[in-house]
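Right, one structure below, let's go through it.
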Amino acid sequence: MSHDFLAQVSAILDSKYILIEEEEKAPYLTDWRKRYTGKALAVLLPATTEEVAAIVKLCAVTHTAVVPQGGNTGFCGGATPDSSGKQVILNLKRMNQIREIDAANQTISLEAGCILQSIQEKSAEKGFLFPLSLGAEGSCMIGGNLATNAGGTNVLRYGNTRDLCLGLEVVTASGEIWNGMKGLRKDNTGYDLRDLYIGSEGTLGIITAAVMKLYPLPISQWTTLAATQDIDSTIALLNLFQQRATSLLTGFEMMTKESLALNEKHFPQMANPLKENPPYTILIELSDHESEEHVKQLLEVILEEAFETGLISDAVIASNLSQANSFWHMREHITLAQSQEGANLKHDITIPLSSLDRFIRDTDALIKAKYPGVRIINFGHLGDGNLHYNIAPPDGEDFKAFNLANEKPIHELIYGQVELCNGSISAEHGVGQLKLDGLRAHKGEVAHELMKTLKKALDPQNILNPHKVVSI
Ligand SMILES: Cc1cc2nc3c(=O)[nH]c(=O)nc-3n(C[C@H](O)[C@H](O)[C@H](O)COP(=O)(O)OP(=O)(O)OC[C@H]3O[C@@H](n4cnc5c(N)ncnc54)[C@H](O)[C@@H]3O)c2cc1C
């Protein structure tokens, strides 16, 4: 069967785009965090929607499972094949054309393999902002962003990837092409297929192109770091900015003392410019389409009020673009510092802001009591209630041994607390294979069964990224 597949796929793709040698396949077989490594019959690199459709048709006929892949920066092992060696990886990186920038409609139509940073740059060249922004933007691709419904640092103002998408082109499990490439902001024609595919992590269809929203480029941006002592005052600070700055508030990120200490350990140039690395360092960004002065004054007035009411104890306003960038780099490097330190236990969760203080207090106490000496590395897109609540073993202990012994009970403890607070066990990273069991346990039976029904209806042979998100 596998020989059949390879023989037939060579009628669709030039042989140089069918990778079968072990050393050629290797870069595609392990996820970014190096948590999962699989095997693959082949890595396929199509350049057109028609090639993708022909490959999926062949997969359907030969019962070959297909794992779609973009930049392979996902955190849940969704783009890594299983260990059977029978699945094929379909990497979309050659589908990297921008089809159209429609200035009047403020939209960009583009292929799934476009790298996020290049989309931001191409949009800016035409005077537009493409607001999706995340630490992996130099390598993640829009198809992967859509498939995981990625979040990032601008969700507070512009929403997540789902909110930025108007239309999709998708190859279905039977190899048909659904052309939903409409740049419409209103389209009430029954079930929303676009929304079904967004966030489905390659389990319902393969996204080959999309129409995304563009926004006017802000002409001024001011970034500040502010020191808070606890979560309650951090949330009060967020509410103050939301009230005073309204839609000019484009970023509100929280970094704990421990996460910035870790940053400094691995990247000494990233030392916190605030005095004595306070319990919480908050990165705040305001953006405006009016004058530089207007937004700067507003920022100063709000900070002054925050000082006077005791919400913050220190603040530094970036004096130029390069300092503002260094603040953002500090935030983005926490993920990298964590991976340099060792593979810690990650929890990408959302909690309603009103319950966040309780969640952190109770969960910290439970974790510390049960696992004395563990390090809690806590940071996140606080404006969205999104916390990256990560656990590293006590200093000097082996990460692998600690994780092996404690991963399951730690996940259960934290996810149990998430449930008590009516939160979600995946805020923005998705489910993949990492949270397959967690989803089953926490989604609720009715929702889980509905998801299985959808999967069976849209992929009856279970060939699209099987055993990711939901198992049927
Ligand atoms: C340093 C760093 C920082 C990050 N920060 C953030 C952050 O702030 N917010 C956030 O949300 N994520 C973040 N991530 C996670 C990751 O970058 C996102 O999940 C991203 O959207 C994945 O895109 P990708 O192209 O790498 O997808 P991949 O990792 O290749 O794939 C992810 C999933 O999507 C599926 N898929 C990929 N392409 C397609 C397609 N065309 N059609 C159908 N299915 C497809 C795959 O099968 C897989 O299930 C970060 C990652 C890193 C390494």
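Ordered as shown in the structure tokens, chains take letters A, B, and onward, while each chain numbers its residues from 1 and ligands are numbered from 1 in the order shown.
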Next item on the list: Could you give me, as a ChimeraX atom specification, the residues within 6 Å of region 272-279 of chain A, counting only C-alpha atoms and dropping anything in the same chain fewer than 4 positions from it?
Entry: /A:227,229,256-257
Note to self: When you look at Leu382 (chain A) with a cut-off of 9 Å (counting only C-alpha atoms), what residues show up, excluding the ones that are within fewer than 4 positions of it in the same chain? I need them as a PyMOL selection string.
What the structure shows: chain A and resi 234-235+238+252-254+282+353+386-387
Check: Which residue, A:Gly183, A:Gly38, A:Gly432, A:Pro409, has the smallest gap to ligand 1 when you use only C-alpha atoms and all ligand atoms?
Finding: A:Gly432
Per residue of region 255-287 of chain A within 10 Å of region 330-351 of chain A, record the nearest atom pair and its distance in Å to one decimal, counting only C-alpha atoms, with rows in chain order and ascending residue number, as CSV.
```
residue,atom,partner,partner_atom,distance
A:Met255,CA,A:Arg331,CA,7.2
A:Ser259,CA,A:Ile334,CA,6.4
A:Leu260,CA,A:Ile334,CA,7.0
A:Ala261,CA,A:Ile334,CA,9.4
A:Leu262,CA,A:Ala337,CA,6.3
A:Asn263,CA,A:Ala337,CA,5.3
A:Glu264,CA,A:Ala337,CA,8.4
A:Lys265,CA,A:Ala337,CA,8.0
A:His266,CA,A:Ala337,CA,5.8
A:Phe267,CA,A:Ala337,CA,7.4
A:Gln269,CA,A:Met330,CA,9.2
A:Met270,CA,A:Met330,CA,5.7
A:Ala271,CA,A:Met330,CA,8.0
A:Asn272,CA,A:Met330,CA,7.9
A:Thr281,CA,A:Arg331,CA,9.8
A:Ile282,CA,A:Arg331,CA,9.6
A:Leu283,CA,A:Arg331,CA,8.0
```
With C-alpha atoms retained, write the just-selected residues as a compact mmCIF listing (two decimals), in the first residue's frame.
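Ended up saving to part-v6.txt:
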```
# COMPACT_ATOMS: atom_id res chain seq x y z
CA MET A 255 5.11 38.97 33.70
CA SER A 259 9.49 34.59 34.85
CA LEU A 260 11.67 37.69 34.41
CA ALA A 261 14.37 36.28 36.71
CA LEU A 262 14.47 33.23 34.43
CA ASN A 263 14.74 35.53 31.42
CA GLU A 264 17.69 37.34 32.95
CA LYS A 265 19.40 34.05 33.80
CA HIS A 266 19.34 32.90 30.14
CA PHE A 267 19.41 36.31 28.43
CA GLN A 269 20.73 41.58 28.27
CA MET A 270 16.99 41.26 29.10
CA ALA A 271 17.20 42.54 32.68
CA ASN A 272 14.02 44.18 33.93
CA THR A 281 5.70 43.70 35.70
CA ILE A 282 2.95 44.84 33.34
CA LEU A 283 3.68 45.73 29.72
```
Checklist line | Contact residues around region 97-101 of chain A with only C-alpha atoms at 9 Å, ignoring same-chain residues under 2 positions, as a ChimeraX atom specification | finding: /A:94-95,103,105-114,119,122-123,126
For the structure I just gave you, how does DSSP split region 259-396 of chain A - specifically, which residues are helix (DSSP H, G or I)? Reply as a CSV table (one decimal) with N, CA and C atoms, in the first residue's frame.
```csv
chain,number,residue,atom,x,y,z
A,259,SER,N,9.3,34.8,36.3
A,259,SER,CA,9.5,34.6,34.9
A,259,SER,C,10.6,35.5,34.3
A,260,LEU,N,10.6,36.8,34.9
A,260,LEU,CA,11.7,37.7,34.4
A,260,LEU,C,13.0,37.3,35.0
A,261,ALA,N,13.1,36.7,36.2
A,261,ALA,CA,14.4,36.3,36.7
A,261,ALA,C,14.9,35.2,35.8
A,262,LEU,N,14.0,34.3,35.3
A,262,LEU,CA,14.5,33.2,34.4
A,262,LEU,C,15.0,33.8,33.1
A,263,ASN,N,14.3,34.8,32.6
A,263,ASN,CA,14.7,35.5,31.4
A,263,ASN,C,16.2,36.0,31.6
A,264,GLU,N,16.4,36.7,32.7
A,264,GLU,CA,17.7,37.3,32.9
A,264,GLU,C,18.8,36.3,33.1
A,265,LYS,N,18.4,35.1,33.7
A,265,LYS,CA,19.4,34.0,33.8
A,265,LYS,C,19.9,33.6,32.4
A,266,HIS,N,19.0,33.4,31.5
A,266,HIS,CA,19.3,32.9,30.1
A,266,HIS,C,19.7,34.0,29.1
A,268,PRO,N,21.0,37.6,29.8
A,268,PRO,CA,21.4,38.7,30.7
A,268,PRO,C,21.0,40.1,30.2
A,269,GLN,N,21.0,40.3,28.8
A,269,GLN,CA,20.7,41.6,28.3
A,269,GLN,C,19.3,42.0,28.5
A,270,MET,N,18.4,41.0,29.0
A,270,MET,CA,17.0,41.3,29.1
A,270,MET,C,16.6,41.6,30.5
A,292,GLU,N,1.3,61.9,18.0
A,292,GLU,CA,2.2,61.3,19.0
A,292,GLU,C,1.9,61.8,20.4
A,293,GLU,N,1.7,63.2,20.4
A,293,GLU,CA,1.5,63.9,21.7
A,293,GLU,C,0.3,63.4,22.4
A,294,HIS,N,-0.8,63.3,21.6
A,294,HIS,CA,-2.1,62.9,22.2
A,294,HIS,C,-2.0,61.6,23.0
A,295,VAL,N,-1.4,60.6,22.4
A,295,VAL,CA,-1.4,59.3,23.1
A,295,VAL,C,-0.4,59.3,24.2
A,296,LYS,N,0.7,60.0,24.1
A,296,LYS,CA,1.7,60.1,25.2
A,296,LYS,C,1.1,60.8,26.4
A,297,GLN,N,0.4,61.9,26.1
A,297,GLN,CA,-0.2,62.6,27.3
A,297,GLN,C,-1.2,61.7,28.0
A,298,LEU,N,-2.0,61.0,27.2
A,298,LEU,CA,-3.0,60.1,27.8
A,298,LEU,C,-2.3,59.1,28.7
A,299,LEU,N,-1.3,58.5,28.1
A,299,LEU,CA,-0.5,57.5,28.9
A,299,LEU,C,0.0,58.0,30.2
A,300,GLU,N,0.5,59.2,30.1
A,300,GLU,CA,1.1,59.8,31.4
A,300,GLU,C,0.0,60.1,32.4
A,301,VAL,N,-1.1,60.6,31.9
A,301,VAL,CA,-2.2,60.9,32.8
A,301,VAL,C,-2.7,59.7,33.5
A,302,ILE,N,-2.9,58.6,32.7
A,302,ILE,CA,-3.4,57.3,33.3
A,302,ILE,C,-2.4,56.8,34.3
A,303,LEU,N,-1.1,56.8,34.0
A,303,LEU,CA,-0.1,56.3,34.9
A,303,LEU,C,-0.1,57.1,36.2
A,304,GLU,N,-0.2,58.4,36.0
A,304,GLU,CA,-0.2,59.3,37.2
A,304,GLU,C,-1.4,58.9,38.2
A,305,GLU,N,-2.6,58.7,37.6
A,305,GLU,CA,-3.7,58.2,38.4
A,305,GLU,C,-3.4,56.9,39.0
A,306,ALA,N,-2.8,56.0,38.3
A,306,ALA,CA,-2.5,54.7,38.9
A,306,ALA,C,-1.5,54.8,40.0
A,307,PHE,N,-0.5,55.7,39.9
A,307,PHE,CA,0.4,56.0,41.0
A,307,PHE,C,-0.4,56.5,42.3
A,308,GLU,N,-1.2,57.5,42.0
A,308,GLU,CA,-1.9,58.2,43.1
A,308,GLU,C,-2.9,57.3,43.8
A,321,LEU,N,11.4,53.8,19.8
A,321,LEU,CA,11.0,52.5,19.2
A,321,LEU,C,11.8,51.4,19.7
A,322,SER,N,13.2,51.6,19.7
A,322,SER,CA,14.0,50.5,20.1
A,322,SER,C,13.8,50.1,21.5
A,323,GLN,N,13.6,51.1,22.4
A,323,GLN,CA,13.3,50.7,23.8
A,323,GLN,C,12.0,49.9,23.9
A,324,ALA,N,11.0,50.4,23.1
A,324,ALA,CA,9.7,49.8,23.2
A,324,ALA,C,9.8,48.3,22.7
A,325,ASN,N,10.6,48.1,21.6
A,325,ASN,CA,10.9,46.8,21.1
A,325,ASN,C,11.6,45.9,22.2
A,326,SER,N,12.5,46.5,22.9
A,326,SER,CA,13.2,45.7,23.9
A,326,SER,C,12.2,45.3,25.0
A,327,PHE,N,11.2,46.1,25.3
A,327,PHE,CA,10.2,45.7,26.3
A,327,PHE,C,9.4,44.4,25.8
A,328,TRP,N,9.1,44.5,24.5
A,328,TRP,CA,8.3,43.4,23.9
A,328,TRP,C,9.2,42.1,23.8
A,329,HIS,N,10.5,42.4,23.5
A,329,HIS,CA,11.4,41.2,23.4
A,329,HIS,C,11.5,40.5,24.8
A,330,MET,N,11.5,41.4,25.8
A,330,MET,CA,11.6,40.8,27.2
A,330,MET,C,10.4,39.8,27.4
A,331,ARG,N,9.2,40.3,27.0
A,331,ARG,CA,8.0,39.5,27.2
A,331,ARG,C,8.1,38.2,26.3
A,332,GLU,N,8.6,38.4,25.1
A,332,GLU,CA,8.6,37.2,24.1
A,332,GLU,C,9.7,36.2,24.5
A,333,HIS,N,10.8,36.7,25.2
A,333,HIS,CA,11.8,35.8,25.5
A,333,HIS,C,11.5,34.8,26.6
A,334,ILE,N,10.4,35.1,27.4
A,334,ILE,CA,10.2,34.2,28.5
A,334,ILE,C,10.0,32.7,28.0
A,335,THR,N,9.3,32.6,26.9
A,335,THR,CA,9.0,31.2,26.3
A,335,THR,C,10.4,30.6,26.0
A,336,LEU,N,11.3,31.4,25.4
A,336,LEU,CA,12.6,30.8,25.0
A,336,LEU,C,13.4,30.5,26.2
A,337,ALA,N,13.4,31.4,27.3
A,337,ALA,CA,14.1,31.2,28.5
A,337,ALA,C,13.6,29.9,29.1
A,338,GLN,N,12.3,29.7,29.1
A,338,GLN,CA,11.8,28.4,29.7
A,338,GLN,C,12.3,27.2,29.0
A,339,SER,N,12.3,27.3,27.6
A,339,SER,CA,12.8,26.1,26.9
A,339,SER,C,14.3,25.9,27.1
A,340,GLN,N,15.0,26.9,27.3
A,340,GLN,CA,16.5,26.7,27.6
A,340,GLN,C,16.6,26.1,29.0
A,341,GLU,N,15.8,26.4,29.9
A,341,GLU,CA,15.9,25.9,31.3
A,341,GLU,C,15.5,24.4,31.3
A,353,LEU,N,-11.6,37.2,34.4
A,353,LEU,CA,-10.7,38.1,35.2
A,353,LEU,C,-11.2,38.2,36.6
A,354,SER,N,-12.5,38.1,36.8
A,354,SER,CA,-13.0,38.3,38.2
A,354,SER,C,-12.6,37.1,39.1
A,355,SER,N,-12.1,36.0,38.5
A,355,SER,CA,-11.8,34.8,39.3
A,355,SER,C,-10.2,34.6,39.3
A,356,LEU,N,-9.5,35.4,38.6
A,356,LEU,CA,-8.1,35.2,38.4
A,356,LEU,C,-7.3,35.2,39.7
A,357,ASP,N,-7.6,36.2,40.6
A,357,ASP,CA,-6.9,36.3,41.8
A,357,ASP,C,-7.1,35.0,42.7
A,358,ARG,N,-8.4,34.6,42.7
A,358,ARG,CA,-8.6,33.3,43.5
A,358,ARG,C,-7.9,32.1,42.9
A,359,PHE,N,-8.0,32.0,41.5
A,359,PHE,CA,-7.3,30.9,40.9
A,359,PHE,C,-5.8,30.9,41.2
A,360,ILE,N,-5.1,32.0,41.1
A,360,ILE,CA,-3.7,32.0,41.4
A,360,ILE,C,-3.4,31.7,42.8
A,361,ARG,N,-4.1,32.4,43.7
A,361,ARG,CA,-3.9,32.1,45.2
A,361,ARG,C,-4.1,30.7,45.5
A,362,ASP,N,-5.2,30.1,45.1
A,362,ASP,CA,-5.5,28.7,45.5
A,362,ASP,C,-4.6,27.7,44.8
A,363,THR,N,-4.4,27.9,43.6
A,363,THR,CA,-3.6,27.0,42.8
A,363,THR,C,-2.1,27.0,43.3
A,364,ASP,N,-1.6,28.2,43.5
A,364,ASP,CA,-0.2,28.3,44.0
A,364,ASP,C,-0.1,27.6,45.3
A,365,ALA,N,-1.1,27.8,46.2
A,365,ALA,CA,-1.0,27.2,47.5
A,365,ALA,C,-1.0,25.7,47.4
A,366,LEU,N,-1.9,25.1,46.6
A,366,LEU,CA,-2.0,23.7,46.4
A,366,LEU,C,-0.8,23.1,45.9
A,367,ILE,N,-0.2,23.7,44.8
A,367,ILE,CA,1.0,23.2,44.2
A,367,ILE,C,2.2,23.3,45.1
A,368,LYS,N,2.3,24.4,45.8
A,368,LYS,CA,3.5,24.5,46.7
A,368,LYS,C,3.4,23.5,47.9
A,369,ALA,N,2.2,23.2,48.4
A,369,ALA,CA,2.0,22.3,49.5
A,369,ALA,C,2.3,20.8,49.0
A,370,LYS,N,1.9,20.5,47.8
A,370,LYS,CA,2.1,19.1,47.3
A,370,LYS,C,3.4,18.9,46.7
A,382,LEU,N,-2.7,39.0,29.9
A,382,LEU,CA,-3.6,39.2,31.0
A,382,LEU,C,-4.9,39.9,30.5
A,383,GLY,N,-4.7,40.9,29.6
A,383,GLY,CA,-5.9,41.6,29.1
A,383,GLY,C,-7.0,40.6,28.6
A,384,ASP,N,-6.6,39.4,28.2
A,384,ASP,CA,-7.6,38.4,27.7
A,384,ASP,C,-7.9,37.4,28.8
```
Note to self: DSSP on the backbone, strand (DSSP E) only: what residues of region 236-459 of chain A does that give? Format it as an NGL selection string.
What the structure shows: :A and (249-256 or 280-288 or 314-317 or 348-350 or 375-380 or 386-392)
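Those residues that approach Pro460 (chain A) to within 12 Å, counting only C-alpha atoms, are Ala60, His63, Thr172, Ala173, Ser174, Thr203, Leu204, Gly205, Lys452, Thr453, Leu454, Lys455, Pro466 and Ile472 of chain A; same-chain residues fewer than 5 positions away are not listed.
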Requested write-out: N, CA, C and O atoms of the selected residues, as a compact mmCIF listing (two decimals), in the first residue's frame:
```
# COMPACT_ATOMS: atom_id res chain seq x y z
N ALA A 60 -7.45 9.52 0.48
CA ALA A 60 -8.77 8.92 0.74
C ALA A 60 -8.86 7.53 0.09
O ALA A 60 -9.34 6.58 0.71
N HIS A 63 -6.48 5.14 1.94
CA HIS A 63 -6.64 5.15 3.41
C HIS A 63 -5.34 5.57 4.09
O HIS A 63 -4.89 4.95 5.05
N THR A 172 -11.34 19.42 1.44
CA THR A 172 -12.09 18.55 2.35
C THR A 172 -11.44 17.15 2.41
O THR A 172 -10.54 16.84 1.62
N ALA A 173 -11.97 16.32 3.30
CA ALA A 173 -11.40 14.98 3.48
C ALA A 173 -11.54 14.10 2.24
O ALA A 173 -10.81 13.13 2.09
N SER A 174 -12.49 14.46 1.35
CA SER A 174 -12.60 13.65 0.12
C SER A 174 -11.82 14.28 -1.03
O SER A 174 -11.85 13.79 -2.16
N THR A 203 -8.03 18.67 11.52
CA THR A 203 -8.79 17.42 11.68
C THR A 203 -10.06 17.38 10.83
O THR A 203 -10.67 16.33 10.70
N LEU A 204 -10.46 18.53 10.27
CA LEU A 204 -11.70 18.55 9.48
C LEU A 204 -11.46 18.90 8.02
O LEU A 204 -12.29 18.62 7.15
N GLY A 205 -10.34 19.57 7.73
CA GLY A 205 -10.05 19.97 6.36
C GLY A 205 -8.68 20.62 6.32
O GLY A 205 -8.11 20.94 7.37
N LYS A 452 -17.37 14.83 18.15
CA LYS A 452 -17.14 13.53 17.48
C LYS A 452 -18.09 13.37 16.29
O LYS A 452 -17.71 12.87 15.23
N THR A 453 -19.34 13.83 16.47
CA THR A 453 -20.32 13.73 15.37
C THR A 453 -19.84 14.55 14.16
O THR A 453 -19.93 14.09 13.01
N LEU A 454 -19.33 15.74 14.44
CA LEU A 454 -18.83 16.59 13.35
C LEU A 454 -17.65 15.93 12.64
O LEU A 454 -17.55 15.91 11.41
N LYS A 455 -16.73 15.40 13.44
CA LYS A 455 -15.54 14.76 12.88
C LYS A 455 -15.96 13.59 11.97
O LYS A 455 -15.47 13.44 10.85
N PRO A 466 -5.59 12.19 12.34
CA PRO A 466 -6.32 11.38 13.32
C PRO A 466 -5.69 11.44 14.72
O PRO A 466 -4.49 11.63 14.85
N ILE A 472 -12.12 9.38 17.28
CA ILE A 472 -13.43 8.75 17.00
C ILE A 472 -13.25 7.25 16.83
O ILE A 472 -12.17 6.77 16.63
```
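Comparing A:Glu397, A:Asp459, A:Glu121, A:Glu201 by their smallest distance to ligand 1, the closest is A:Glu201 (using only C-alpha atoms and all ligand atoms).
Among the candidates A:Gly159, A:Gly430, A:Gly423, A:Pro27, the one nearest to ligand 1 when counting only C-alpha atoms and all ligand atoms is A:Gly430.
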Checklist line | Of the listed residues A:Ser200, A:Ser83, A:Thr224, A:Gln417, that which approaches Ala318 (chain A) most closely, counting only C-alpha atoms | finding: A:Thr224
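Interatomic distance, CA of Leu237 (chain A) against CA of Phe130 (chain A): 27.2 Å.
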